[in-house]
Amino acid sequence: MQKLLKFTVLIAVALFAAVHIGFAQDKKPSSKLSGREQRKAMHVRDSVLQSFNKSDTSINNLLQRLQQYTTTFNQINSSLSEELDTADISQQLPPTARRIAKIKAQANTHKSSTLRYLFVLRDNLDHLQSKLEDWQTDLDTINNKLVQNQTDLLRFSKDSLLIKTVPSDSLLKHTFFAQRKAARQLWHKADSANRSNLFKINLLQNKVTIAYANILDETDQIDSKVKKFAARAVNGEFGYIWDIDPAYNDTKTALNSTINLNNTALYYFIKSETLLHFTGLLFIVIVFVWILYNRAKAKRLNEDETIFAQANYIYKQPVISSLLVGIAIIPYFYDHPPVAFLELFFLVSVILVLLLVKKNMPRALFNALHQLFYVTLVYSVSNLLIQITNIDRFTILFLSIASITIALAFSKKVKKAPEDYLPHTELVLRIFTGLQILSLLCDITGRFSLAKIIGITAVYNLWLLVSLYFVVNIITEGLFLQFQAKKNADNIIGWIDYTLLQTKFRKILSTLAALLWLFFLFQNLNIDDLATDYVTDILSQSRTVGGASFTFGGFVVFIAVIWLSSVMSRIISYLYDVSAEHANYITSLKKKNRTSTLLIRIGVITIGFLLAVAASGFPMDKITIIISAFGIGIGFGLQNIVNNLVSGLILAFEKPIQIGDIIEVDTRSGTVKEIGIRSSKLATADGAEVIIPNGDLISHHVINWTLSNNNRRVELIISVVYGSDIEKVKTILQSILNKRDDIMKQPEPLVFLHNLSEKSVEFRVLFWAADIGQWLTLKSNVLTDIYIVFEKEGIEMPLPQQEMHLTLPEQVSLTNKNSPGPGQ
């Protein structure tokens with residue numbers, strides 16, 4: 001009935017509007033409804049429709065809510081219809097649990113295990129712990145999503161309005177119940193699937209948590225054993241070397257256990273680090289292609305091959321050089337790889353070093369390293385053993401003696417000609433000999449583990465030192481060939497000074513090599529984890545000073561970011577300077593671009609400062625305090641510094657002078673070479689560089705000869721003798737100026753009669769030089785032309801004369817009384 005009434009009213013409104021419009025059209029066929037009548041009709045329609053909607057507002061809201069629930073349930077069902085991303089975890093968790101149990105059994109089985117063996121087990125546990133932490137993170141993410149789904153599902157079941165509300169209209173009631181039934185069916189399906197998945201995830205989380213707890217327990221036990229082992233190694237595990245303990249005679253079991261453990265470690269490592277293996281292989285290929293490409297290109301561009309005197313290694317052994325760079329660096333891609341893997345790469349790099357030494361170094365060095373290579377092979381085998389044996393103890397003893405003998409014999413040859421060998425060879429040999437002697441003494445006195453660690457560290461780090469020396473030189477040679485190939489190119493790469501770049505880059509490479517060497521040293525001494533944990537604790541520990549908390553780590557990050565910002569600003573400034581120096585001429589725009597480097601440097605340093613503050617975690621409110629403290633310092637004693645800094649900003653924005661301008665400041669004149677933040681550099685004509693504070697450039701009178709252009713007026717004073725034809729002289733001078741192409745036509749050159757002096761007639765000659773840098777040469781050429789033409793035209797120029805007036809007393813005559821008279 002209600003729907004019929006609504007329909008009737010709508011028909012009536014429509015008929016009323018049609019009749020009204022038709023009547024209006026009959027009355028005025030060509031006219032339209034006025035604006036007032038249109039708005040009135042619109043209000044009538046809106047009022048009718050609003051009256052219909054008010055009665056069904058609650059029902060519409062319920063239907064909209066049901067639609068929202070339906071959309072949510074469909075989304076949940078759609079996401080749950082796909083398999084949860086836990087298949088890998090479910091598959092790998094049982095083998096991981098078995099591996100943890102196996103490590104626990106191995107840690108408790110070998111009572112005479114070496115320190116290396118304990119570290120191998122702990123490294124395996126660290127890898128497993130990292131994997132389980134990743135799994136926990138993934139499972140937590142999935143669990144949070146399922147919990148959110150369950151929250152949405154519970155909200156539907158507790159929505160009382162959907163249960164209690166019943167529409168009065170029969171048609172609406174049917175529609176409402178149908179939609180609620182469909183929504184309830186979707187809810188049952190989603191709730192059942194979500195609860196099932198939530199149960200599976202919780203069960204999997206419990207298993208991962210148990211495995212993680214087992215790893216933590218076993219790690220604590222191994223750390224405890226390592227501490228006890230370290231104490232025994234220092235205090236002595238055995239008696240003297242001649243007191244043999246029969247309990248350590250089972251060499252066969254030690255070898256079998258070593259082989260089994262290393263095979264297992266390599267298997268898991270190769271299987272789990274596929275991406276890093278591919279990255280390492282790709283790195284070798286890139287280095288190989290880079291070196292061979294630069295070598296071929298440099299050889300093609302330099303047929304005489306004289307440049308290869310500075311790229312000896314790459315020129316003679318390109319393949320060996322490429323492989324050495326790759327193989328020496330790749331092991332650092334991995335986090336605690338197996339010892340067998342490290343030793344494999346280490347021995348390959350040693351062989352490559354031997355090949356390079358044989359081709360490029362004195363024979364005595366090759367012989368010494370060749371003998372040491374066999375000692376290194378035996379050390380490598382001993383380093384893999386996981387149990388202590390008497391044979392291993394005697395082996396370390398003989399290896400120490402052999403190493404000392406080789407080092408002493410080679411030292412005698414080095415002393416005769418130290419310049420023929422690698423830098424600091426004598427110092428390295430002394431340290432190596434001292435460590436081997438210490439290893440020998442430790443082994444004799446029963447401190448076998450300590451002796452083994454010291455002996456292996458001495459040999460391995462000696463080889464690594466030689467290897468890194470060659471790596472740094474090979475990379476430097478590669479860069480040299482790279483720049484040689486681009487040397488003649490008319491671009492920024494061809495303009496860079498390679499000697500400066502080589503010096504800077506060699507320092508960076510040497511620093512990185514030193515850090516790698518130290519890392520390898522700590523690793524061989526088995527204190528890398530201890531050192532890392534100690535440094536991490538120091539850097540991350542929070543400290544409080546004056547109510548402000550900070551960490552050393554944040555301070556280090558702050559300094560590092562500021563340093564990098566400073567380096568970047570200097571690099572940008574250098575590139576701008578290089579491009580300007582190699583330009584054919586410096587236009588006004590180029591000078592502005594070079595001057596803009598100051599703004600760029602300030603911008604880079606400012607951004608670096610803000611990034612440093614954000615990265616260090618230092619609170620911004622404390623920065624305000626620091627700035628206030630700086631303000632107090634400025635007020636007391638830093639006025640001059642701040643004045644120069646602010647003046648630098650004024651110079652950067654106003655640009656009263658620019659790089660390349662020729663200026664005069666007080667008694668100094670020259671070309672502006674650099675505008676810095678605090679001071680600027682002025683290159684004088686005699687080659688000196690004057691450092692001028694920026695404050696002087698703002699507060700003092702500055703003459704800028706090239707502010708608007710590079711033109712300069714040249715003035716000459718030309719003198720001729722009295723009696724010369726004045727018009728002829730002026731014509732000759734004007735003709736000389738007009739014939740020269742290097743004199744500007746506008747403004748035109750001028751010749752004036754300047755002065756009538758006592759001895760000559762003076763003409764003033766004015767003309768403009770287009771390039772201020774050439775005005776002295778132009779002046780010299782014009783004077784030369786004037787002299788030649790005057791001589792040809794017979795125009796005399798006054799010679800320098802001096803008049804002397806001599807006054808003598810009356811009784812003094814200029815006649816020489818002693819001169820002989822006539823006839824004498």
# chains A, B, ... in the order shown; residues from 1 in each chain; ligands from 1
call {"tool": "residues_around", "arguments": {"residues": "Lys227 in chain A", "least_positions_apart": "2", "cutoff": "12 Å", "atoms": "only C-alpha atoms", "output": "number ranges by chain"}}
result
A: 115, 118-119, 220-225, 229-234, 526-527, 530
call {"tool": "write_last_selection", "arguments": {"atoms": "C-alpha atoms", "output": "PDB file, in the first residue's frame"}}
result
ATOM      1  CA  LEU A 115      88.987 -24.212  19.206  1.00  0.00           C
ATOM      2  CA  LEU A 118      83.925 -25.083  18.461  1.00  0.00           C
ATOM      3  CA  PHE A 119      83.827 -21.980  16.285  1.00  0.00           C
ATOM      4  CA  ASP A 220      75.432 -20.587  25.452  1.00  0.00           C
ATOM      5  CA  GLN A 221      77.002 -23.995  26.122  1.00  0.00           C
ATOM      6  CA  ILE A 222      79.478 -23.617  23.254  1.00  0.00           C
ATOM      7  CA  ASP A 223      80.378 -20.083  24.400  1.00  0.00           C
ATOM      8  CA  SER A 224      81.058 -21.521  27.851  1.00  0.00           C
ATOM      9  CA  LYS A 225      83.305 -24.193  26.332  1.00  0.00           C
ATOM     10  CA  PHE A 229      89.209 -23.608  26.183  1.00  0.00           C
ATOM     11  CA  ALA A 230      90.762 -20.121  26.016  1.00  0.00           C
ATOM     12  CA  ALA A 231      91.734 -20.317  29.678  1.00  0.00           C
ATOM     13  CA  ARG A 232      93.303 -23.767  29.138  1.00  0.00           C
ATOM     14  CA  ALA A 233      95.136 -22.554  26.015  1.00  0.00           C
ATOM     15  CA  VAL A 234      96.800 -19.734  27.964  1.00  0.00           C
ATOM     16  CA  ASN A 526      89.314 -16.499  16.482  1.00  0.00           C
ATOM     17  CA  ILE A 527      88.417 -13.206  18.124  1.00  0.00           C
ATOM     18  CA  LEU A 530      84.379 -11.128  20.317  1.00  0.00           C
TER      19      LEU A 530
END
call {"tool": "residues_around", "arguments": {"residues": "range 341-357 of chain A", "least_positions_apart": "5", "cutoff": "9 Å", "atoms": "only C-alpha atoms", "output": "list in words"}}
result
Leu266, Tyr313, Gln317, Ile320, Ser321, Leu323, Leu324, Val325, Ile327, Ala328, Ile330, Pro331, Pro362, Arg363, Leu365, Phe366, Leu369, His370, Phe373, Thr376, Leu377, Ser380, Tyr460, Trp463, Leu464, Val466, Ser467 and Phe470 of chain A
call {"tool": "residues_around", "arguments": {"residues": "range 123-136 of chain A", "least_positions_apart": "4", "cutoff": "8 Å", "atoms": "only C-alpha atoms", "output": "compact mmCIF listing (two decimals) with N, CA and C atoms, in the first residue's frame"}}
result
# COMPACT_ATOMS: atom_id res chain seq x y z
N ILE A 89 58.86 -23.18 5.09
CA ILE A 89 59.15 -23.32 6.53
C ILE A 89 58.77 -24.71 7.01
N THR A 96 66.04 -28.80 9.88
CA THR A 96 66.74 -27.84 10.73
C THR A 96 66.79 -28.33 12.17
N ILE A 100 70.14 -29.19 14.32
CA ILE A 100 70.43 -28.64 15.66
C ILE A 100 70.78 -29.76 16.63
N PHE A 119 84.28 -23.14 17.06
CA PHE A 119 83.83 -21.98 16.29
C PHE A 119 83.03 -22.41 15.05
N ASP A 140 55.04 -14.23 12.09
CA ASP A 140 54.36 -13.16 12.84
C ASP A 140 53.52 -12.29 11.91
N GLN A 205 54.49 -21.80 14.70
CA GLN A 205 55.23 -20.84 15.50
C GLN A 205 55.80 -21.50 16.75
N VAL A 208 58.90 -23.49 15.73
CA VAL A 208 60.03 -22.60 15.45
C VAL A 208 60.59 -22.02 16.75
N THR A 209 59.72 -21.67 17.67
CA THR A 209 60.17 -21.12 18.95
C THR A 209 60.98 -22.15 19.74
N ALA A 211 62.72 -24.68 18.48
CA ALA A 211 64.01 -24.82 17.80
C ALA A 211 64.91 -23.62 18.12
N TYR A 212 64.34 -22.43 18.13
CA TYR A 212 65.12 -21.23 18.43
C TYR A 212 65.66 -21.27 19.86
N ILE A 215 68.61 -23.57 20.00
CA ILE A 215 69.82 -22.93 19.46
C ILE A 215 70.44 -22.00 20.49
N THR A 219 74.11 -22.51 21.96
CA THR A 219 75.09 -21.44 21.77
C THR A 219 75.71 -21.03 23.08
N ALA A 265 79.36 -29.29 6.34
CA ALA A 265 79.32 -27.83 6.34
C ALA A 265 79.31 -27.29 4.91
N HIS A 336 80.66 -15.59 7.68
CA HIS A 336 81.14 -16.82 8.32
C HIS A 336 80.96 -18.05 7.43
call {"tool": "closest_residue", "arguments": {"among": "A:Gln436, A:Ser79, A:Asn461, A:Asn249", "to": "Trp517 in chain A", "atoms": "only C-alpha atoms"}}
result
A:Asn461
call {"tool": "residues_around", "arguments": {"residues": "Gly687 in chain A", "least_positions_apart": "6", "cutoff": "12 Å", "atoms": "only C-alpha atoms", "output": "VMD selection string"}}
result
chain A and resid 669 to 671 673
call {"tool": "closest_residue", "arguments": {"among": "A:Leu515, A:Ile474, A:Met361, A:Thr137", "to": "Val319 in chain A", "atoms": "only C-alpha atoms"}}
result
A:Ile474
call {"tool": "select_by_dssp", "arguments": {"residues": "range 295-431 of chain A", "states": "alpha helix (DSSP H)", "output": "VMD selection string"}}
result
chain A and resid 295 to 301 312 to 316 318 to 329 339 to 360 363 to 384 390 to 416 425 to 431
call {"tool": "write_last_selection", "arguments": {"atoms": "C-alpha atoms", "output": "mmCIF file, in the first residue's frame"}}
result
data_model
loop_
_atom_site.group_PDB
_atom_site.id
_atom_site.type_symbol
_atom_site.label_atom_id
_atom_site.label_comp_id
_atom_site.auth_asym_id
_atom_site.auth_seq_id
_atom_site.Cartn_x
_atom_site.Cartn_y
_atom_site.Cartn_z
ATOM 1 C CA ARG A 295 94.067 -3.467 -21.782
ATOM 2 C CA ALA A 296 92.926 -4.060 -25.357
ATOM 3 C CA LYS A 297 91.687 -0.499 -25.820
ATOM 4 C CA ALA A 298 94.839 1.065 -24.375
ATOM 5 C CA LYS A 299 96.976 -1.207 -26.530
ATOM 6 C CA ARG A 300 95.017 -0.169 -29.625
ATOM 7 C CA LEU A 301 95.315 3.555 -28.900
ATOM 8 C CA ASN A 312 103.096 -4.164 -15.818
ATOM 9 C CA TYR A 313 100.925 -6.814 -14.136
ATOM 10 C CA ILE A 314 97.906 -6.321 -16.392
ATOM 11 C CA TYR A 315 100.040 -6.145 -19.525
ATOM 12 C CA LYS A 316 102.020 -9.317 -18.842
ATOM 13 C CA PRO A 318 95.926 -10.104 -17.578
ATOM 14 C CA VAL A 319 94.147 -13.392 -16.790
ATOM 15 C CA ILE A 320 96.066 -14.053 -13.564
ATOM 16 C CA SER A 321 95.583 -10.433 -12.465
ATOM 17 C CA SER A 322 91.820 -10.582 -13.055
ATOM 18 C CA LEU A 323 91.416 -13.863 -11.194
ATOM 19 C CA LEU A 324 93.497 -12.664 -8.258
ATOM 20 C CA VAL A 325 91.352 -9.543 -7.743
ATOM 21 C CA GLY A 326 88.139 -11.568 -7.846
ATOM 22 C CA ILE A 327 89.275 -14.524 -5.728
ATOM 23 C CA ALA A 328 90.913 -12.306 -3.098
ATOM 24 C CA ILE A 329 87.728 -10.273 -2.565
ATOM 25 C CA VAL A 339 86.746 -22.940 6.887
ATOM 26 C CA ALA A 340 87.228 -25.386 4.004
ATOM 27 C CA PHE A 341 85.654 -22.863 1.602
ATOM 28 C CA LEU A 342 87.868 -20.038 2.872
ATOM 29 C CA GLU A 343 91.010 -22.151 2.610
ATOM 30 C CA LEU A 344 90.152 -23.218 -0.925
ATOM 31 C CA PHE A 345 89.962 -19.607 -2.102
ATOM 32 C CA PHE A 346 92.994 -18.720 0.003
ATOM 33 C CA LEU A 347 95.183 -21.418 -1.579
ATOM 34 C CA VAL A 348 94.061 -20.443 -5.092
ATOM 35 C CA SER A 349 94.990 -16.811 -4.407
ATOM 36 C CA VAL A 350 98.370 -17.966 -3.036
ATOM 37 C CA ILE A 351 99.071 -19.860 -6.276
ATOM 38 C CA LEU A 352 98.147 -16.797 -8.353
ATOM 39 C CA VAL A 353 100.435 -14.631 -6.207
ATOM 40 C CA LEU A 354 103.272 -17.083 -6.762
ATOM 41 C CA LEU A 355 102.778 -16.843 -10.522
ATOM 42 C CA LEU A 356 102.876 -13.043 -10.417
ATOM 43 C CA VAL A 357 105.954 -13.035 -8.191
ATOM 44 C CA LYS A 358 107.758 -15.443 -10.494
ATOM 45 C CA LYS A 359 107.209 -13.165 -13.511
ATOM 46 C CA ASN A 360 107.782 -9.763 -11.902
ATOM 47 C CA ARG A 363 114.173 -14.763 -7.841
ATOM 48 C CA ALA A 364 115.029 -14.796 -4.137
ATOM 49 C CA LEU A 365 111.511 -13.626 -3.211
ATOM 50 C CA PHE A 366 109.926 -16.298 -5.377
ATOM 51 C CA ASN A 367 112.111 -19.028 -3.856
ATOM 52 C CA ALA A 368 111.240 -17.965 -0.307
ATOM 53 C CA LEU A 369 107.493 -17.794 -1.031
ATOM 54 C CA HIS A 370 107.673 -21.065 -2.954
ATOM 55 C CA GLN A 371 109.147 -22.811 0.091
ATOM 56 C CA LEU A 372 106.610 -21.132 2.349
ATOM 57 C CA PHE A 373 103.810 -22.369 0.085
ATOM 58 C CA TYR A 374 104.440 -26.004 1.090
ATOM 59 C CA VAL A 375 104.498 -24.977 4.740
ATOM 60 C CA THR A 376 101.161 -23.231 4.144
ATOM 61 C CA LEU A 377 99.625 -26.383 2.652
ATOM 62 C CA VAL A 378 100.410 -28.381 5.791
ATOM 63 C CA TYR A 379 99.162 -25.542 8.001
ATOM 64 C CA SER A 380 95.880 -25.545 6.049
ATOM 65 C CA VAL A 381 95.330 -29.251 6.635
ATOM 66 C CA SER A 382 96.132 -28.848 10.326
ATOM 67 C CA ASN A 383 93.726 -25.906 10.552
ATOM 68 C CA LEU A 384 90.847 -28.135 9.422
ATOM 69 C CA ASN A 390 100.016 -35.689 19.169
ATOM 70 C CA ILE A 391 100.983 -35.849 15.497
ATOM 71 C CA ASP A 392 99.369 -32.465 14.936
ATOM 72 C CA ARG A 393 101.347 -31.042 17.842
ATOM 73 C CA PHE A 394 104.681 -32.230 16.409
ATOM 74 C CA THR A 395 103.625 -31.032 12.951
ATOM 75 C CA ILE A 396 103.068 -27.496 14.239
ATOM 76 C CA LEU A 397 106.470 -27.656 15.926
ATOM 77 C CA PHE A 398 108.283 -28.575 12.698
ATOM 78 C CA LEU A 399 106.296 -26.020 10.689
ATOM 79 C CA SER A 400 107.371 -23.262 13.076
ATOM 80 C CA ILE A 401 111.022 -24.290 12.735
ATOM 81 C CA ALA A 402 110.724 -24.418 8.939
ATOM 82 C CA SER A 403 109.054 -20.979 8.823
ATOM 83 C CA ILE A 404 111.763 -19.440 11.006
ATOM 84 C CA THR A 405 114.490 -20.962 8.827
ATOM 85 C CA ILE A 406 112.922 -19.656 5.603
ATOM 86 C CA ALA A 407 112.412 -16.173 7.075
ATOM 87 C CA LEU A 408 115.980 -15.867 8.413
ATOM 88 C CA ALA A 409 117.530 -17.058 5.157
ATOM 89 C CA PHE A 410 115.460 -14.619 3.124
ATOM 90 C CA SER A 411 116.193 -11.734 5.538
ATOM 91 C CA LYS A 412 119.906 -11.970 4.762
ATOM 92 C CA LYS A 413 119.219 -11.475 1.040
ATOM 93 C CA VAL A 414 116.841 -8.601 1.667
ATOM 94 C CA LYS A 415 119.412 -6.713 3.749
ATOM 95 C CA LYS A 416 121.829 -6.680 0.801
ATOM 96 C CA THR A 425 109.819 -6.383 3.592
ATOM 97 C CA GLU A 426 112.344 -6.299 6.444
ATOM 98 C CA LEU A 427 109.755 -5.182 9.002
ATOM 99 C CA VAL A 428 107.272 -7.828 7.878
ATOM 100 C CA LEU A 429 109.924 -10.551 8.114
ATOM 101 C CA ARG A 430 110.848 -9.497 11.635
ATOM 102 C CA ILE A 431 107.223 -9.657 12.789
#
call {"tool": "closest_residue", "arguments": {"among": "A:Ser170, A:Thr731, A:Asn260, A:Thr71", "to": "Ile786 in chain A", "atoms": "only C-alpha atoms"}}
result
A:Thr731
call {"tool": "atom_distance", "arguments": {"atom1": "CA of Arg447 in chain A", "atom2": "CA of Glu237 in chain A"}}
result
5.8 Å
call {"tool": "decode", "arguments": {"residues": "range 756-781 of chain A", "atoms": "N, CA and C atoms", "output": "mmCIF file, in the first residue's frame"}}
result
data_model
loop_
_atom_site.group_PDB
_atom_site.id
_atom_site.type_symbol
_atom_site.label_atom_id
_atom_site.label_comp_id
_atom_site.auth_asym_id
_atom_site.auth_seq_id
_atom_site.Cartn_x
_atom_site.Cartn_y
_atom_site.Cartn_z
ATOM 1 N N LEU A 756 102.043 69.426 -24.859
ATOM 2 C CA LEU A 756 103.237 70.027 -25.450
ATOM 3 C C LEU A 756 104.249 70.203 -24.335
ATOM 4 N N SER A 757 105.127 69.238 -24.197
ATOM 5 C CA SER A 757 106.119 69.296 -23.131
ATOM 6 C C SER A 757 107.312 70.140 -23.569
ATOM 7 N N GLU A 758 108.306 70.225 -22.724
ATOM 8 C CA GLU A 758 109.457 71.058 -23.010
ATOM 9 C C GLU A 758 110.266 70.544 -24.196
ATOM 10 N N LYS A 759 110.242 69.220 -24.365
ATOM 11 C CA LYS A 759 111.124 68.663 -25.368
ATOM 12 C C LYS A 759 110.410 67.884 -26.454
ATOM 13 N N SER A 760 109.115 67.657 -26.337
ATOM 14 C CA SER A 760 108.425 66.838 -27.322
ATOM 15 C C SER A 760 106.954 67.185 -27.376
ATOM 16 N N VAL A 761 106.356 66.704 -28.458
ATOM 17 C CA VAL A 761 104.903 66.810 -28.615
ATOM 18 C C VAL A 761 104.326 65.439 -28.285
ATOM 19 N N GLU A 762 103.365 65.372 -27.342
ATOM 20 C CA GLU A 762 102.848 64.089 -26.844
ATOM 21 C C GLU A 762 101.452 63.844 -27.408
ATOM 22 N N PHE A 763 101.267 62.612 -27.916
ATOM 23 C CA PHE A 763 99.956 62.171 -28.406
ATOM 24 C C PHE A 763 99.424 61.083 -27.467
ATOM 25 N N ARG A 764 98.136 61.145 -27.223
ATOM 26 C CA ARG A 764 97.474 60.131 -26.377
ATOM 27 C C ARG A 764 96.681 59.181 -27.266
ATOM 28 N N VAL A 765 97.040 57.874 -27.192
ATOM 29 C CA VAL A 765 96.409 56.853 -28.028
ATOM 30 C C VAL A 765 95.558 55.958 -27.133
ATOM 31 N N LEU A 766 94.270 55.813 -27.467
ATOM 32 C CA LEU A 766 93.331 54.973 -26.685
ATOM 33 C C LEU A 766 92.705 53.921 -27.598
ATOM 34 N N PHE A 767 92.724 52.686 -27.156
ATOM 35 C CA PHE A 767 92.035 51.615 -27.888
ATOM 36 C C PHE A 767 91.656 50.517 -26.898
ATOM 37 N N TRP A 768 90.773 49.601 -27.368
ATOM 38 C CA TRP A 768 90.207 48.570 -26.476
ATOM 39 C C TRP A 768 90.665 47.187 -26.922
ATOM 40 N N ALA A 769 91.080 46.390 -25.916
ATOM 41 C CA ALA A 769 91.437 44.986 -26.144
ATOM 42 C C ALA A 769 90.222 44.120 -25.815
ATOM 43 N N ALA A 770 89.868 43.191 -26.712
ATOM 44 C CA ALA A 770 88.678 42.350 -26.495
ATOM 45 C C ALA A 770 88.879 41.379 -25.339
ATOM 46 N N ASP A 771 90.115 40.901 -25.168
ATOM 47 C CA ASP A 771 90.410 39.937 -24.106
ATOM 48 C C ASP A 771 91.420 40.568 -23.170
ATOM 49 N N ILE A 772 90.998 40.765 -21.941
ATOM 50 C CA ILE A 772 91.874 41.418 -20.978
ATOM 51 C C ILE A 772 93.134 40.611 -20.716
ATOM 52 N N GLY A 773 93.052 39.314 -20.939
ATOM 53 C CA GLY A 773 94.218 38.485 -20.725
ATOM 54 C C GLY A 773 95.307 38.706 -21.759
ATOM 55 N N GLN A 774 94.980 39.368 -22.887
ATOM 56 C CA GLN A 774 95.947 39.582 -23.966
ATOM 57 C C GLN A 774 96.338 41.048 -24.131
ATOM 58 N N TRP A 775 95.971 41.913 -23.163
ATOM 59 C CA TRP A 775 96.175 43.343 -23.394
ATOM 60 C C TRP A 775 97.651 43.733 -23.381
ATOM 61 N N LEU A 776 98.470 43.056 -22.584
ATOM 62 C CA LEU A 776 99.900 43.376 -22.577
ATOM 63 C C LEU A 776 100.557 42.992 -23.900
ATOM 64 N N THR A 777 100.167 41.839 -24.435
ATOM 65 C CA THR A 777 100.701 41.431 -25.739
ATOM 66 C C THR A 777 100.272 42.399 -26.830
ATOM 67 N N LEU A 778 98.998 42.811 -26.780
ATOM 68 C CA LEU A 778 98.493 43.765 -27.762
ATOM 69 C C LEU A 778 99.220 45.110 -27.656
ATOM 70 N N LYS A 779 99.452 45.569 -26.457
ATOM 71 C CA LYS A 779 100.166 46.830 -26.254
ATOM 72 C C LYS A 779 101.566 46.761 -26.842
ATOM 73 N N SER A 780 102.245 45.634 -26.604
ATOM 74 C CA SER A 780 103.590 45.462 -27.143
ATOM 75 C C SER A 780 103.583 45.461 -28.670
ATOM 76 N N ASN A 781 102.606 44.783 -29.257
ATOM 77 C CA ASN A 781 102.534 44.735 -30.724
ATOM 78 C C ASN A 781 102.256 46.106 -31.327
#
